file entry_29.txt (compact mmCIF, C-alpha atoms and all ligand atoms)
# COMPACT_ATOMS: atom_id res chain seq x y z
CA MET G 1 82.21 100.83 131.75
CA ALA G 2 82.46 100.06 128.03
CA LYS G 3 85.02 97.83 126.36
CA ILE G 4 86.43 99.93 123.53
CA SER G 5 88.86 98.99 120.75
CA ILE G 6 90.57 101.78 118.88
CA VAL G 7 92.14 100.96 115.52
CA GLY G 8 94.91 103.45 114.77
CA GLY G 9 97.50 104.81 117.20
CA GLY G 10 98.04 108.26 115.75
CA VAL G 11 97.24 111.46 117.61
CA ILE G 12 93.48 110.99 117.13
CA GLY G 13 93.38 107.34 118.26
CA LEU G 14 95.62 108.01 121.26
CA SER G 15 93.63 111.10 122.30
CA ILE G 16 90.39 109.13 122.20
CA ALA G 17 92.03 106.29 124.14
CA TYR G 18 93.27 108.77 126.76
CA GLU G 19 89.90 110.53 127.17
CA CYS G 20 87.94 107.27 127.35
CA ALA G 21 90.43 105.76 129.81
CA ILE G 22 90.22 108.85 132.05
CA ARG G 23 86.45 108.31 132.08
CA GLY G 24 86.95 104.74 133.32
CA HIS G 25 86.47 102.67 130.15
CA ASP G 26 88.46 99.58 129.23
CA ILE G 27 90.60 100.45 126.19
CA THR G 28 92.74 98.61 123.66
CA VAL G 29 94.61 100.47 120.91
CA ILE G 30 95.61 98.47 117.83
CA GLU G 31 98.21 100.10 115.60
CA ALA G 32 99.42 98.56 112.32
CA PHE G 33 102.94 99.99 112.68
CA GLU G 34 104.16 102.22 115.51
CA CYS G 35 102.05 104.70 117.45
CA GLY G 36 102.55 108.25 116.16
CA GLY G 37 104.75 106.94 113.36
CA GLN G 38 102.89 108.61 110.52
CA ALA G 39 101.35 112.09 110.08
CA SER G 40 101.07 112.76 113.83
CA GLY G 41 104.81 112.52 114.42
CA ALA G 42 105.63 114.46 111.24
CA ALA G 43 103.36 117.46 111.91
CA ALA G 44 104.62 120.98 112.53
CA GLY G 45 102.17 121.13 115.44
CA MET G 46 100.42 124.37 114.70
CA LEU G 47 97.30 125.19 116.68
CA ALA G 48 96.33 127.97 114.32
CA PRO G 49 92.78 127.82 112.97
CA TYR G 50 92.43 131.58 112.71
CA SER G 51 95.29 131.79 110.23
CA GLU G 52 94.63 128.54 108.40
CA ILE G 53 90.88 128.91 107.78
CA GLU G 54 90.29 131.48 105.08
CA GLU G 55 86.61 130.98 104.40
CA ASP G 56 83.56 132.19 106.27
CA PRO G 57 82.74 130.63 109.63
CA ASP G 58 81.05 127.26 109.64
CA ASP G 59 80.78 124.23 111.91
CA PHE G 60 84.38 123.34 111.04
CA PHE G 61 85.62 126.72 112.25
CA ARG G 62 83.66 126.26 115.49
CA LEU G 63 85.13 122.77 115.92
CA CYS G 64 88.67 124.11 115.49
CA GLN G 65 88.07 127.08 117.77
CA LYS G 66 86.63 124.90 120.54
CA SER G 67 89.60 122.54 120.30
CA LEU G 68 92.07 125.44 120.52
CA GLN G 69 90.24 126.61 123.64
CA LEU G 70 90.49 123.14 125.18
CA TYR G 71 94.27 122.97 124.67
CA PRO G 72 95.59 124.79 127.79
CA GLU G 73 93.86 122.35 130.18
CA TRP G 74 94.24 119.34 127.88
CA GLN G 75 97.99 119.59 127.45
CA LYS G 76 98.45 120.23 131.18
CA ALA G 77 96.50 117.05 132.00
CA ILE G 78 98.47 114.96 129.47
CA LYS G 79 101.72 116.19 131.05
CA GLN G 80 100.48 115.32 134.53
CA VAL G 81 99.22 111.85 133.65
CA SER G 82 102.20 110.94 131.44
CA LYS G 83 104.75 112.58 133.77
CA MET G 84 106.41 113.76 130.55
CA ASP G 85 107.02 117.26 129.27
CA PHE G 86 106.55 118.63 125.77
CA GLU G 87 106.66 122.07 124.23
CA TYR G 88 103.36 123.96 124.16
CA ASN G 89 103.89 127.57 123.18
CA GLU G 90 101.15 130.20 123.26
CA SER G 91 103.21 132.23 120.81
CA GLY G 92 100.51 133.96 118.78
CA SER G 93 100.83 134.26 115.00
CA LEU G 94 101.46 136.88 112.34
CA TYR G 95 99.77 136.43 108.97
CA CYS G 96 101.93 138.62 106.72
CA ILE G 97 101.15 140.29 103.40
CA TYR G 98 103.47 141.81 100.80
CA HIS G 99 101.00 144.01 98.90
CA GLU G 100 98.59 146.69 100.09
CA ALA G 101 95.98 145.10 97.81
CA ASP G 102 95.88 142.10 100.18
CA ARG G 103 94.95 144.23 103.19
CA LEU G 104 91.24 143.80 102.40
CA SER G 105 91.51 140.02 102.82
CA LEU G 106 93.05 140.53 106.29
CA GLU G 107 90.27 142.98 107.21
CA THR G 108 87.55 140.64 105.97
CA LYS G 109 88.93 137.73 107.95
CA GLN G 110 89.36 139.88 111.03
CA SER G 111 85.81 141.15 110.75
CA TRP G 112 84.06 137.75 110.64
CA GLN G 113 86.36 136.20 113.22
CA LYS G 114 85.61 139.09 115.60
CA ASP G 115 81.98 137.91 115.69
CA PHE G 116 83.33 134.65 117.20
CA GLY G 117 85.31 136.45 119.88
CA VAL G 118 88.67 136.04 118.15
CA GLU G 119 91.23 138.61 119.27
CA SER G 120 93.30 140.00 116.39
CA TYR G 121 95.07 143.19 115.32
CA ILE G 122 96.29 144.50 111.98
CA LEU G 123 99.89 145.69 112.34
CA SER G 124 101.94 147.85 109.99
CA GLY G 125 105.15 146.46 108.47
CA ASP G 126 107.26 148.34 111.04
CA GLU G 127 105.13 147.04 113.93
CA VAL G 128 105.52 143.51 112.57
CA ARG G 129 109.32 143.86 112.48
CA GLU G 130 109.32 145.25 116.00
CA LYS G 131 107.86 141.89 117.07
CA GLU G 132 109.95 139.83 114.66
CA PRO G 133 113.11 141.69 113.57
CA GLU G 134 114.17 138.85 111.22
CA LEU G 135 111.20 139.38 108.88
CA SER G 136 111.60 140.88 105.41
CA LYS G 137 111.26 144.64 104.88
CA GLU G 138 108.94 143.80 101.97
CA ILE G 139 106.18 142.77 104.39
CA VAL G 140 103.71 145.66 104.50
CA ALA G 141 101.27 144.45 107.17
CA ALA G 142 100.14 141.42 109.17
CA LEU G 143 97.18 140.10 111.10
CA TRP G 144 98.36 139.31 114.63
CA CYS G 145 96.37 136.57 116.39
CA PRO G 146 97.71 136.36 119.95
CA GLU G 147 95.67 133.24 120.81
CA GLU G 148 97.26 130.90 118.28
CA SER G 149 99.79 128.43 119.62
CA HIS G 150 101.99 125.53 118.65
CA ILE G 151 103.10 122.27 120.12
CA TYR G 152 106.05 119.95 119.51
CA ALA G 153 104.04 117.16 117.90
CA PRO G 154 106.48 114.22 118.19
CA ASP G 155 106.84 114.76 121.95
CA TYR G 156 103.12 115.40 122.40
CA VAL G 157 102.28 112.05 120.77
CA LYS G 158 104.90 110.25 122.90
CA ALA G 159 103.37 111.78 126.03
CA LEU G 160 99.85 110.80 124.92
CA LEU G 161 101.03 107.22 124.45
CA GLN G 162 102.67 107.20 127.89
CA ALA G 163 99.56 108.76 129.47
CA CYS G 164 97.45 105.99 127.92
CA ARG G 165 99.82 103.34 129.25
CA ASN G 166 99.80 104.90 132.72
CA LEU G 167 95.99 104.71 132.67
CA GLY G 168 96.07 101.00 131.88
CA VAL G 169 95.29 101.22 128.14
CA ARG G 170 96.52 98.10 126.29
CA VAL G 171 98.54 99.19 123.27
CA ILE G 172 99.26 96.67 120.52
CA GLU G 173 101.80 97.98 118.02
CA ARG G 174 103.04 96.37 114.77
CA ALA G 175 99.69 94.56 114.52
CA GLY G 176 99.50 94.71 110.71
CA GLU G 177 96.20 95.26 108.94
CA ALA G 178 93.06 95.04 111.05
CA ASN G 179 89.62 93.82 110.04
CA LEU G 180 86.32 94.03 111.81
CA VAL G 181 84.13 90.95 112.17
CA ASN G 182 80.93 91.97 113.93
CA ARG G 183 82.33 93.56 117.10
CA THR G 184 85.72 91.89 116.97
CA VAL G 185 88.88 93.50 115.64
CA VAL G 186 90.86 90.77 113.93
CA THR G 187 94.55 90.94 113.01
CA ASP G 188 97.03 88.16 112.17
CA GLN G 189 97.83 87.69 115.84
CA HIS G 190 94.89 89.11 117.77
CA GLN G 191 91.13 88.98 118.15
CA ILE G 192 89.77 91.72 120.36
CA GLU G 193 86.06 91.81 121.07
CA ALA G 194 84.61 95.13 122.20
CA ASP G 195 81.31 96.91 122.80
CA ILE G 196 82.47 99.79 120.60
CA ASN G 197 85.12 99.92 117.88
CA VAL G 198 86.61 103.25 116.89
CA ILE G 199 88.41 103.57 113.54
CA CYS G 200 91.12 106.25 113.44
CA THR G 201 93.35 105.16 110.59
CA GLY G 202 94.02 108.61 109.09
CA ALA G 203 95.21 108.60 105.48
CA TRP G 204 94.73 104.82 105.37
CA SER G 205 90.99 105.01 106.11
CA MET G 206 89.71 104.39 102.60
CA LYS G 207 90.46 100.68 102.91
CA TRP G 208 87.51 100.50 105.35
CA GLU G 209 85.15 101.49 102.55
CA GLU G 210 84.71 97.88 101.44
CA LYS G 211 84.87 96.45 104.96
CA LEU G 212 82.20 98.79 106.28
CA GLY G 213 80.16 98.95 103.09
CA PHE G 214 79.83 102.67 102.41
CA SER G 215 81.64 105.43 100.59
CA LEU G 216 84.68 106.68 102.52
CA PRO G 217 86.59 109.16 100.39
CA VAL G 218 89.74 109.81 102.46
CA TYR G 219 92.91 110.46 100.45
CA PRO G 220 96.56 110.93 101.43
CA ILE G 221 97.90 114.42 100.67
CA ARG G 222 101.62 114.67 101.23
CA GLY G 223 102.98 117.57 103.25
CA GLN G 224 106.70 118.18 102.77
CA ILE G 225 108.43 120.13 105.53
CA CYS G 226 111.97 121.25 106.26
CA ALA G 227 113.81 122.64 109.28
CA TYR G 228 116.62 125.18 109.57
CA ASP G 229 118.93 125.71 112.48
CA GLY G 230 117.36 129.03 113.61
CA PRO G 231 116.94 131.97 113.59
CA LYS G 232 114.67 132.22 116.61
CA LEU G 233 111.09 133.39 116.03
CA ASN G 234 108.63 134.48 118.71
CA HIS G 235 105.46 133.91 116.66
CA ILE G 236 104.18 131.51 114.03
CA ILE G 237 104.62 133.30 110.70
CA PHE G 238 102.15 132.74 107.88
CA THR G 239 101.96 134.05 104.36
CA SER G 240 99.62 132.81 101.64
CA GLN G 241 102.43 130.42 100.60
CA GLY G 242 103.21 128.64 103.87
CA TYR G 243 104.23 128.91 107.50
CA LEU G 244 107.34 129.17 109.64
CA VAL G 245 107.42 128.13 113.26
CA GLY G 246 110.36 128.33 115.65
CA LYS G 247 110.62 125.43 118.06
CA GLY G 248 112.09 125.47 121.56
CA ASN G 249 114.93 123.20 120.43
CA GLY G 250 116.19 126.03 118.18
CA SER G 251 114.91 124.63 114.89
CA LEU G 252 112.88 126.74 112.50
CA VAL G 253 110.29 124.60 110.71
CA ALA G 254 109.02 125.67 107.26
CA GLY G 255 105.90 124.02 105.82
CA ALA G 256 104.31 122.66 103.90
CA SER G 257 103.58 121.34 100.43
CA GLU G 258 100.26 119.78 99.46
CA ASP G 259 100.96 117.12 96.87
CA ILE G 260 99.20 114.04 95.63
CA ALA G 261 101.75 111.22 95.72
CA GLY G 262 99.80 108.22 96.98
CA PHE G 263 101.43 106.82 100.12
CA ASP G 264 104.91 108.05 99.19
CA THR G 265 106.52 109.94 102.09
CA ASN G 266 109.72 110.87 100.27
CA VAL G 267 110.61 114.53 99.86
CA THR G 268 111.21 115.94 96.40
CA ALA G 269 113.60 118.61 95.15
CA HIS G 270 110.62 120.54 93.79
CA GLY G 271 108.55 120.33 97.00
CA VAL G 272 111.26 121.33 99.45
CA GLY G 273 112.88 123.65 96.90
CA ARG G 274 109.72 125.74 96.78
CA LEU G 275 109.68 125.97 100.60
CA GLU G 276 113.34 126.98 100.69
CA LYS G 277 112.79 129.73 98.13
CA TRP G 278 109.71 131.00 99.91
CA SER G 279 111.22 130.95 103.42
CA LYS G 280 114.16 133.10 102.25
CA LYS G 281 111.67 135.66 100.98
CA VAL G 282 110.12 135.83 104.45
CA ILE G 283 113.41 135.75 106.40
CA PRO G 284 116.31 137.14 104.35
CA GLY G 285 118.72 135.87 107.03
CA LEU G 286 118.11 132.37 105.67
CA ILE G 287 119.73 133.27 102.33
CA GLY G 288 122.74 131.02 101.85
CA LYS G 289 121.52 128.54 104.46
CA ALA G 290 120.20 125.05 103.77
CA PRO G 291 117.73 123.11 105.91
CA PHE G 292 119.36 120.47 108.14
CA HIS G 293 116.29 118.20 107.97
CA ARG G 294 113.62 117.49 105.35
CA TRP G 295 110.66 115.15 105.82
CA ALA G 296 107.06 114.50 104.79
CA GLY G 297 103.79 113.25 106.27
CA LEU G 298 100.50 112.13 104.76
CA ARG G 299 97.47 114.20 105.70
CA PRO G 300 94.10 112.44 105.55
CA ALA G 301 92.04 114.64 103.22
CA THR G 302 88.31 114.19 102.62
CA GLN G 303 86.23 115.12 99.62
CA ASP G 304 84.58 118.10 101.34
CA GLY G 305 87.51 119.08 103.59
CA PHE G 306 85.70 118.16 106.82
CA PRO G 307 86.65 115.28 109.13
CA LEU G 308 84.52 112.19 109.64
CA ILE G 309 83.50 111.92 113.29
CA GLY G 310 80.62 109.87 114.65
CA ARG G 311 78.76 106.59 114.55
CA ILE G 312 78.13 104.67 111.37
CA ALA G 313 74.42 104.78 110.57
CA LYS G 314 73.89 101.06 109.92
CA ASN G 315 76.36 99.88 112.55
CA PRO G 316 76.27 102.21 115.57
CA GLU G 317 78.82 100.12 117.48
CA VAL G 318 81.41 101.48 115.06
CA ILE G 319 82.58 105.08 115.37
CA LEU G 320 84.79 106.81 112.84
CA ALA G 321 87.26 109.57 113.73
CA THR G 322 89.40 110.31 110.73
CA GLY G 323 89.93 112.71 107.82
CA HIS G 324 91.32 115.58 109.92
CA TYR G 325 93.49 116.72 107.00
CA ARG G 326 95.65 119.72 108.09
CA ASN G 327 94.24 119.82 111.61
CA GLY G 328 94.80 116.47 113.33
CA ILE G 329 96.98 117.86 116.11
CA LEU G 330 94.69 120.86 116.66
CA LEU G 331 91.53 118.74 116.65
CA SER G 332 92.79 115.96 118.89
CA PRO G 333 91.21 117.21 122.17
CA ILE G 334 87.78 118.00 120.72
CA THR G 335 87.67 114.76 118.71
CA ALA G 336 88.49 112.78 121.86
CA LYS G 337 85.72 114.50 123.80
CA ILE G 338 83.18 114.12 120.98
CA VAL G 339 83.84 110.39 120.69
CA ALA G 340 83.79 109.85 124.47
CA ASP G 341 80.53 111.84 124.76
CA GLU G 342 79.04 109.87 121.87
CA ILE G 343 79.90 106.59 123.60
CA GLU G 344 78.45 107.79 126.89
CA GLY G 345 75.34 109.34 125.31
CA GLU G 346 76.29 112.77 126.62
CA PRO G 347 75.35 116.00 124.78
CA GLN G 348 78.01 117.26 122.37
CA MET G 349 80.00 120.45 123.02
CA VAL G 350 79.63 121.49 119.38
CA SER G 351 77.41 120.49 116.49
CA ILE G 352 78.78 117.39 114.75
CA ASP G 353 76.03 116.88 112.15
CA ARG G 354 78.28 118.23 109.41
CA PHE G 355 80.92 115.59 110.20
CA ARG G 356 78.74 112.45 110.04
CA PRO G 357 80.73 109.62 108.39
CA ASN G 358 77.88 108.48 106.13
CA ARG G 359 77.50 111.78 104.31
CA PHE G 360 79.09 110.76 100.99
N1 LIG R 1 98.50 122.35 109.55
C1 LIG R 1 99.68 122.42 108.83
C2 LIG R 1 99.84 121.48 107.74
O1 LIG R 1 99.03 120.59 107.53
O2 LIG R 1 100.81 121.59 107.02
call {"tool": "encode", "arguments": {"input": "entry_29.txt", "output": "structure tokens"}}
result
Amino acid sequence: MAKISIVGGGVIGLSIAYECAIRGHDITVIEAFECGGQASGAAAGMLAPYSEIEEDPDDFFRLCQKSLQLYPEWQKAIKQVSKMDFEYNESGSLYCIYHEADRLSLETKQSWQKDFGVESYILSGDEVREKEPELSKEIVAALWCPEESHIYAPDYVKALLQACRNLGVRVIERAGEANLVNRTVVTDQHQIEADINVICTGAWSMKWEEKLGFSLPVYPIRGQICAYDGPKLNHIIFTSQGYLVGKGNGSLVAGASEDIAGFDTNVTAHGVGRLEKWSKKVIPGLIGKAPFHRWAGLRPATQDGFPLIGRIAKNPEVILATGHYRNGILLSPITAKIVADEIEGEPQMVSIDRFRPNRF
């Protein structure tokens, strides 16, 4: 049994804590503010790598695909251990286009994803509206990916936290800034010595650059989101400009901007205004309606777009798991398993060479 400290109580830190606790390790989570209080609780909760990844397949695509495949069992186990429920909806998605000229991009994506066993179908505009009658008549076709899903992120994170607590994980919230002195996490009020320290501080990870002594280019990218009171959608809807996802509580979430605003989590008239304009183009029934809620989260972006997962070369008792950018919720199960396997010296489920923290 290893003594493990995890700095950061977002979805990544809590997932690692859960997986390591299930495997019998002794875990402490240290969170500067409140667990799930940042990007994890603000996320739209899409588990949609096939729609979100445009480029050719690479290790990142494989990582995302594996994590999506882990979700059915993972979420069931979190519900059982936490004794809490949260929405997990295997809704499928429709990636919609407005111009025939864009059909080639759908076909190209479908063709390379097929080689990875991804199920998808190109539907005509009429077929799309048969599935989703609220969608605009201007949509000419869509790529339907039945395997994509979504989750209600705020409830998922609460359940993860409860599951950790039920497994005996010590959770220290409102700890303020943490430092690492040899193997000890030091805060104003606490000193926690561990065999392994895992850093999962999301958009706030760059401050470890100096503390750990190597280049750690993780930047906050603000995502502004808004929610309408309906209409109900059966699938996640994507276009090249954003996504719409209908939640079980009746809200319709529209996301999301990508702006550089430091650590500012305010929404702006421009950011949400663009989403409002766009969502009315996708669902004409929203014309004349205003969102009832607007909010923002900070995604942890890295210089090359890939997360940082693994041991630090010069200090192998420290593991980094951060920089998940748009995919923190999706990648939470696989990241947890990678870190737990790394700690236990077990073989990895997927190649993680591309995600080594010391690569910059
Ligand atoms: N994955 C959705 C977003 O980051 O907005």
call {"tool": "closest_residue", "arguments": {"input": "entry_29.txt", "among": "G:Glu342, G:Asp259, G:Glu55, G:Glu209", "to": "ligand LIG 1 (chain R)", "atoms": "all atoms listed in the file"}}
result
G:Asp259
call {"tool": "residues_near_ligand", "arguments": {"input": "entry_29.txt", "ligand": "ligand LIG 1 (chain R)", "cutoff": "6 Å", "atoms": "all atoms listed in the file", "output": "count of residues only"}}
result
6
call {"tool": "closest_residue", "arguments": {"input": "entry_29.txt", "among": "G:Ala153, G:Glu90, G:Gly168, G:Val253", "to": "Ala21 of chain G", "atoms": "all atoms listed in the file"}}
result
G:Gly168
call {"tool": "closest_atom_pairs", "arguments": {"input": "entry_29.txt", "of": "segment 251-327 of chain G", "to": "segment 134-140 of chain G", "cutoff": "12 Å", "atoms": "only C-alpha atoms", "output": "JSON lines"}}
result
{"residue": "G:Trp278", "atom": "CA", "partner": "G:Ser136", "partner_atom": "CA", "distance": 11.5}
{"residue": "G:Ser279", "atom": "CA", "partner": "G:Leu135", "partner_atom": "CA", "distance": 10.0}
{"residue": "G:Lys280", "atom": "CA", "partner": "G:Ser136", "partner_atom": "CA", "distance": 8.8}
{"residue": "G:Lys281", "atom": "CA", "partner": "G:Ser136", "partner_atom": "CA", "distance": 6.8}
{"residue": "G:Val282", "atom": "CA", "partner": "G:Ser136", "partner_atom": "CA", "distance": 5.3}
{"residue": "G:Ile283", "atom": "CA", "partner": "G:Leu135", "partner_atom": "CA", "distance": 4.9}
{"residue": "G:Pro284", "atom": "CA", "partner": "G:Ser136", "partner_atom": "CA", "distance": 6.1}
{"residue": "G:Gly285", "atom": "CA", "partner": "G:Glu134", "partner_atom": "CA", "distance": 6.9}
{"residue": "G:Leu286", "atom": "CA", "partner": "G:Glu134", "partner_atom": "CA", "distance": 9.4}
{"residue": "G:Ile287", "atom": "CA", "partner": "G:Ser136", "partner_atom": "CA", "distance": 11.6}
call {"tool": "write_last_selection", "arguments": {"input": "entry_29.txt", "atoms": "C-alpha atoms", "output": "compact mmCIF listing (two decimals), keeping the file's coordinate frame"}}
result
# COMPACT_ATOMS: atom_id res chain seq x y z
CA TRP G 278 109.71 131.00 99.91
CA SER G 279 111.22 130.95 103.42
CA LYS G 280 114.16 133.10 102.25
CA LYS G 281 111.67 135.66 100.98
CA VAL G 282 110.12 135.83 104.45
CA ILE G 283 113.41 135.75 106.40
CA PRO G 284 116.31 137.14 104.35
CA GLY G 285 118.72 135.87 107.03
CA LEU G 286 118.11 132.37 105.67
CA ILE G 287 119.73 133.27 102.33
call {"tool": "residues_around", "arguments": {"input": "entry_29.txt", "residues": "Thr28 of chain G", "least_positions_apart": "3", "cutoff": "9 Å", "atoms": "all atoms listed in the file", "output": "MDAnalysis selection string"}}
result
chainID G and resid 3:7 17 169:172 192 194
call {"tool": "residues_around", "arguments": {"input": "entry_29.txt", "residues": "Cys20 of chain G", "least_positions_apart": "2", "cutoff": "12 Å", "atoms": "all atoms listed in the file", "output": "ChimeraX atom specification"}}
result
/G:1-6,13-18,22-29,163-164,167-169,196,198,333,335-344
call {"tool": "closest_residue", "arguments": {"input": "entry_29.txt", "among": "G:Trp204, G:Gln65, G:Ala159, G:Ala141", "to": "Ser105 of chain G", "atoms": "only C-alpha atoms"}}
result
G:Ala141
call {"tool": "residues_near_point", "arguments": {"input": "entry_29.txt", "point": "(117.5, 115.2, 104.3)", "cutoff": "12 Å", "atoms": "all atoms listed in the file", "output": "list in words"}}
result
Gln224, Ile225, Cys226, Ala227, Tyr228, Asn266, Val267, Thr268, Ala269, Val272, Ala290, Pro291, Phe292, His293, Arg294, Trp295 and Ala296 of chain G
call {"tool": "closest_residue", "arguments": {"input": "entry_29.txt", "among": "G:Tyr88, G:Ile334, G:Gly36, G:Phe306", "to": "Val350 of chain G", "atoms": "all atoms listed in the file"}}
result
G:Ile334
call {"tool": "closest_residue", "arguments": {"input": "entry_29.txt", "among": "G:Ala32, G:Leu143, G:Leu298, G:Ile236", "to": "Ala261 of chain G", "atoms": "all atoms listed in the file"}}
result
G:Leu298
call {"tool": "closest_residue", "arguments": {"input": "entry_29.txt", "among": "G:Tyr243, G:Phe116, G:Tyr152, G:Phe355", "to": "Gly41 of chain G", "atoms": "only C-alpha atoms"}}
result
G:Tyr152
call {"tool": "residues_around", "arguments": {"input": "entry_29.txt", "residues": "Ala178 of chain G", "least_positions_apart": "2", "cutoff": "9 Å", "atoms": "all atoms listed in the file", "output": "CSV table (one decimal) with C-alpha atoms, in the frame of the given file"}}
result
chain,number,residue,atom,x,y,z
G,7,VAL,CA,92.1,101.0,115.5
G,30,ILE,CA,95.6,98.5,117.8
G,31,GLU,CA,98.2,100.1,115.6
G,32,ALA,CA,99.4,98.6,112.3
G,175,ALA,CA,99.7,94.6,114.5
G,176,GLY,CA,99.5,94.7,110.7
G,180,LEU,CA,86.3,94.0,111.8
G,185,VAL,CA,88.9,93.5,115.6
G,186,VAL,CA,90.9,90.8,113.9
G,187,THR,CA,94.6,90.9,113.0
G,188,ASP,CA,97.0,88.2,112.2
call {"tool": "atom_distance", "arguments": {"input": "entry_29.txt", "atom1": "atom CA of His190 of chain G", "atom2": "atom CA of Leu320 of chain G"}}
result
21.0 Å
call {"tool": "residues_around", "arguments": {"input": "entry_29.txt", "residues": "Val245 of chain G", "least_positions_apart": "4", "cutoff": "8 Å", "atoms": "only C-alpha atoms", "output": "PyMOL selection string"}}
result
chain G and resi 44+233+235-237+252-254
call {"tool": "write_last_selection", "arguments": {"input": "entry_29.txt", "atoms": "C-alpha atoms", "output": "PDB file, in the frame of the given file"}}
result
ATOM      1  CA  ALA G  44     104.620 120.980 112.530  1.00  0.00           C
ATOM      2  CA  LEU G 233     111.090 133.390 116.030  1.00  0.00           C
ATOM      3  CA  HIS G 235     105.460 133.910 116.660  1.00  0.00           C
ATOM      4  CA  ILE G 236     104.180 131.510 114.030  1.00  0.00           C
ATOM      5  CA  ILE G 237     104.620 133.300 110.700  1.00  0.00           C
ATOM      6  CA  LEU G 252     112.880 126.740 112.500  1.00  0.00           C
ATOM      7  CA  VAL G 253     110.290 124.600 110.710  1.00  0.00           C
ATOM      8  CA  ALA G 254     109.020 125.670 107.260  1.00  0.00           C
TER       9      ALA G 254
END
